[in-house]
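Colleague: Provided herewith is a single structure, encoded as structure tokens, for subsequent inquiry.
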Amino acid sequence: MEVRELLHIREYIGKNHEHSSFDFNVHQVEYYFVCDLVKEKIYKSPTNPDSHQVGVEWIHINDLLQNRIYPKELRKYIIQHVNNQKSPVYLGD
């Protein structure tokens, strides 16, 4: 995989969302980059894996709306990028 430019930054502040009783103290910052798949079927294990992650999957952009991606609004921004439309870098909480 070749990592290119930063596309979006999003914050998640648990106390502001529907699962606040569970993750009230959670505050995370997510960075979304444009990436190119250079060689298929080559996967390197992460250096600091998420213990709750169950896998990695590359999907075709045409299948984006049929997949669960959170936050859902992120799909709109990805499609705008593919269509060469501007979208904000900082998406907020």
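Simple scheme: letters A, B, ... for chains in structure tokens order, numbers from 1 for residues in each chain, numbers from 1 for ligands in the order shown.
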Per residue of range 9-73 of chain A within 10 Å of range 79-88 of chain A, record the nearest atom pair and its distance in Å to one decimal, counting only C-alpha atoms, with rows in chain order and ascending residue number, as CSV.

Modeller:
residue,atom,partner,partner_atom,distance
A:Ile9,CA,A:Pro88,CA,9.0
A:Val34,CA,A:His81,CA,9.3
A:Ile61,CA,A:Ile79,CA,7.8
A:Asn62,CA,A:Ile79,CA,9.2
A:Leu64,CA,A:Ile79,CA,8.4
A:Leu65,CA,A:Ile79,CA,9.4

Colleague: Could you write out, as a compact mmCIF listing (two decimals) with N, CA, C and O atoms, in the first residue's frame, all the residues of range 51-89 of chain A that DSSP marks as helix (DSSP H, G or I)?

Modeller:
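To be explicit, this is the file written out as states-v2.txt:
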# COMPACT_ATOMS: atom_id res chain seq x y z
N ILE A 61 -14.70 1.28 -4.99
CA ILE A 61 -15.43 2.52 -4.69
C ILE A 61 -16.91 2.40 -5.06
O ILE A 61 -17.77 2.97 -4.39
N ASN A 62 -17.23 1.62 -6.09
CA ASN A 62 -18.64 1.45 -6.48
C ASN A 62 -19.44 0.68 -5.43
O ASN A 62 -20.66 0.70 -5.46
N ASP A 63 -18.76 -0.03 -4.54
CA ASP A 63 -19.42 -0.81 -3.50
C ASP A 63 -19.45 -0.07 -2.16
O ASP A 63 -19.90 -0.63 -1.16
N LEU A 64 -18.98 1.15 -2.14
CA LEU A 64 -18.85 1.89 -0.89
C LEU A 64 -20.16 2.02 -0.13
O LEU A 64 -20.22 1.82 1.08
N LEU A 65 -21.24 2.34 -0.82
CA LEU A 65 -22.52 2.58 -0.15
C LEU A 65 -23.15 1.30 0.39
O LEU A 65 -24.04 1.36 1.23
N GLN A 66 -22.69 0.15 -0.05
CA GLN A 66 -23.24 -1.12 0.43
C GLN A 66 -22.47 -1.65 1.64
O GLN A 66 -22.79 -2.72 2.16
N GLU A 73 -21.57 9.43 7.30
CA GLU A 73 -21.36 10.62 6.47
C GLU A 73 -20.00 10.61 5.77
O GLU A 73 -19.82 11.26 4.75
N LEU A 74 -19.06 9.85 6.29
CA LEU A 74 -17.74 9.76 5.68
C LEU A 74 -17.81 9.23 4.26
O LEU A 74 -17.04 9.64 3.39
N ARG A 75 -18.78 8.37 3.99
CA ARG A 75 -18.94 7.83 2.63
C ARG A 75 -19.15 8.97 1.63
O ARG A 75 -18.60 8.94 0.53
N LYS A 76 -19.95 9.96 2.01
CA LYS A 76 -20.23 11.11 1.14
C LYS A 76 -18.93 11.83 0.78
O LYS A 76 -18.71 12.17 -0.38
N TYR A 77 -18.07 12.04 1.77
CA TYR A 77 -16.82 12.75 1.52
C TYR A 77 -15.86 11.94 0.66
O TYR A 77 -15.14 12.51 -0.17
N ILE A 78 -15.84 10.65 0.84
CA ILE A 78 -14.99 9.79 0.00
C ILE A 78 -15.45 9.86 -1.45
O ILE A 78 -14.64 10.00 -2.37
N ILE A 79 -16.74 9.79 -1.66
CA ILE A 79 -17.29 9.87 -3.02
C ILE A 79 -17.00 11.24 -3.63
O ILE A 79 -16.64 11.34 -4.81
N GLN A 80 -17.10 12.29 -2.84
CA GLN A 80 -16.76 13.62 -3.35
C GLN A 80 -15.31 13.67 -3.80
O GLN A 80 -15.00 14.24 -4.86
N HIS A 81 -14.42 13.07 -3.03
CA HIS A 81 -13.00 13.06 -3.40
C HIS A 81 -12.80 12.32 -4.72
O HIS A 81 -12.09 12.82 -5.60
N VAL A 82 -13.43 11.19 -4.87
CA VAL A 82 -13.29 10.41 -6.10
C VAL A 82 -13.82 11.19 -7.30
O VAL A 82 -13.28 11.10 -8.40

Colleague: Leaving out Pro71 in chain A and any residue of its chain fewer than 5 positions from it, which residues lie within 10 Å of it when counting only C-alpha atoms, given as a PyMOL selection string?

Modeller: chain A and resi 10+12+93

Colleague: Selection from above, N, CA, C and O atoms, as a PDB file, in the first residue's frame, can you write it?

Modeller:
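See again-v6.pdb below for the written result:
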ATOM      1  N   ARG A  10     -10.908  13.437  11.786  1.00  0.00           N
ATOM      2  CA  ARG A  10     -12.178  13.399  12.506  1.00  0.00           C
ATOM      3  C   ARG A  10     -11.911  13.117  13.977  1.00  0.00           C
ATOM      4  O   ARG A  10     -11.044  12.315  14.306  1.00  0.00           O
ATOM      5  N   TYR A  12     -13.622  11.872  17.649  1.00  0.00           N
ATOM      6  CA  TYR A  12     -14.741  11.175  18.261  1.00  0.00           C
ATOM      7  C   TYR A  12     -14.672  11.469  19.754  1.00  0.00           C
ATOM      8  O   TYR A  12     -13.700  11.122  20.419  1.00  0.00           O
ATOM      9  N   ASP A  93     -16.494  16.428  15.294  1.00  0.00           N
ATOM     10  CA  ASP A  93     -16.909  15.303  16.127  1.00  0.00           C
ATOM     11  C   ASP A  93     -18.176  14.708  15.563  1.00  0.00           C
ATOM     12  O   ASP A  93     -19.126  15.355  15.299  1.00  0.00           O
TER      13      ASP A  93
END

Colleague: I'd like the neighbourhood of Arg4 in chain A as a ChimeraX atom specification, where a residue qualifies if any of its atoms comes within 10 Å (using only C-alpha atoms), though same-chain residues fewer than 6 positions away should be ignored.

Modeller: /A:33-36

Colleague: Could the residues in this selection be saved with N, CA, C and O atoms as an mmCIF file, in the first residue's frame?

Modeller:
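Result saved to selection39.cif:
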data_model
loop_
_atom_site.group_PDB
_atom_site.id
_atom_site.type_symbol
_atom_site.label_atom_id
_atom_site.label_comp_id
_atom_site.auth_asym_id
_atom_site.auth_seq_id
_atom_site.Cartn_x
_atom_site.Cartn_y
_atom_site.Cartn_z
ATOM 1 N N PHE A 33 -6.373 8.833 5.067
ATOM 2 C CA PHE A 33 -5.439 9.129 3.993
ATOM 3 C C PHE A 33 -5.904 8.505 2.687
ATOM 4 O O PHE A 33 -6.547 7.450 2.684
ATOM 5 N N VAL A 34 -5.537 9.122 1.586
ATOM 6 C CA VAL A 34 -5.705 8.518 0.278
ATOM 7 C C VAL A 34 -4.591 7.490 0.143
ATOM 8 O O VAL A 34 -3.424 7.788 0.414
ATOM 9 N N CYS A 35 -4.948 6.273 -0.253
ATOM 10 C CA CYS A 35 -3.953 5.208 -0.396
ATOM 11 C C CYS A 35 -4.149 4.493 -1.722
ATOM 12 O O CYS A 35 -5.252 4.440 -2.256
ATOM 13 N N ASP A 36 -3.083 3.949 -2.239
ATOM 14 C CA ASP A 36 -3.129 3.119 -3.438
ATOM 15 C C ASP A 36 -2.690 1.717 -3.065
ATOM 16 O O ASP A 36 -1.721 1.537 -2.332
#

Colleague: Output as a VMD selection string all residues of range 6-79 of chain A that backbone DSSP marks as strand (DSSP E).

Modeller: chain A and resid 6 to 13 27 to 36

Colleague: Determine, counting only C-alpha atoms, which protein, DNA and RNA residues have an atom within 9 Å of an atom of Leu37 in chain A; residues of the same chain fewer than 6 positions away are not included. Present the result as a count of residues only.

Modeller: 4

Colleague: Leaving out Glu11 in chain A and any residue of its chain fewer than 2 positions from it, which residues lie within 6 Å of it when counting only C-alpha atoms, given as a list in words?

Modeller: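 That gives Gln28, Val29, Gly92 and Asp93 of chain A.
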
Colleague: Write the selection just made, keeping N, CA and C atoms, as an mmCIF file, in the first residue's frame?

Modeller:
data_model
loop_
_atom_site.group_PDB
_atom_site.id
_atom_site.type_symbol
_atom_site.label_atom_id
_atom_site.label_comp_id
_atom_site.auth_asym_id
_atom_site.auth_seq_id
_atom_site.Cartn_x
_atom_site.Cartn_y
_atom_site.Cartn_z
ATOM 1 N N GLN A 28 -10.919 10.266 20.712
ATOM 2 C CA GLN A 28 -9.920 9.795 19.754
ATOM 3 C C GLN A 28 -9.909 10.697 18.533
ATOM 4 N N VAL A 29 -8.758 10.741 17.885
ATOM 5 C CA VAL A 29 -8.588 11.512 16.659
ATOM 6 C C VAL A 29 -8.262 10.516 15.554
ATOM 7 N N GLY A 92 -14.668 17.365 12.314
ATOM 8 C CA GLY A 92 -15.228 17.602 13.629
ATOM 9 C C GLY A 92 -15.573 16.311 14.344
ATOM 10 N N ASP A 93 -16.494 16.428 15.294
ATOM 11 C CA ASP A 93 -16.909 15.303 16.127
ATOM 12 C C ASP A 93 -18.176 14.708 15.563
#

Colleague: When you count only C-alpha atoms, which of these residues is closest to Asn25 in chain A: A:Leu7, A:Ile13, A:Val54, A:Ile69?

Modeller: A:Ile13

Colleague: Residues near Gly55 in chain A, anyone? I mean within 12 Å using only C-alpha atoms, not counting same-chain ones fewer than 4 positions away, as JSON, numbers by chain.

Modeller: {"A": [43, 45, 46, 49, 50, 51]}
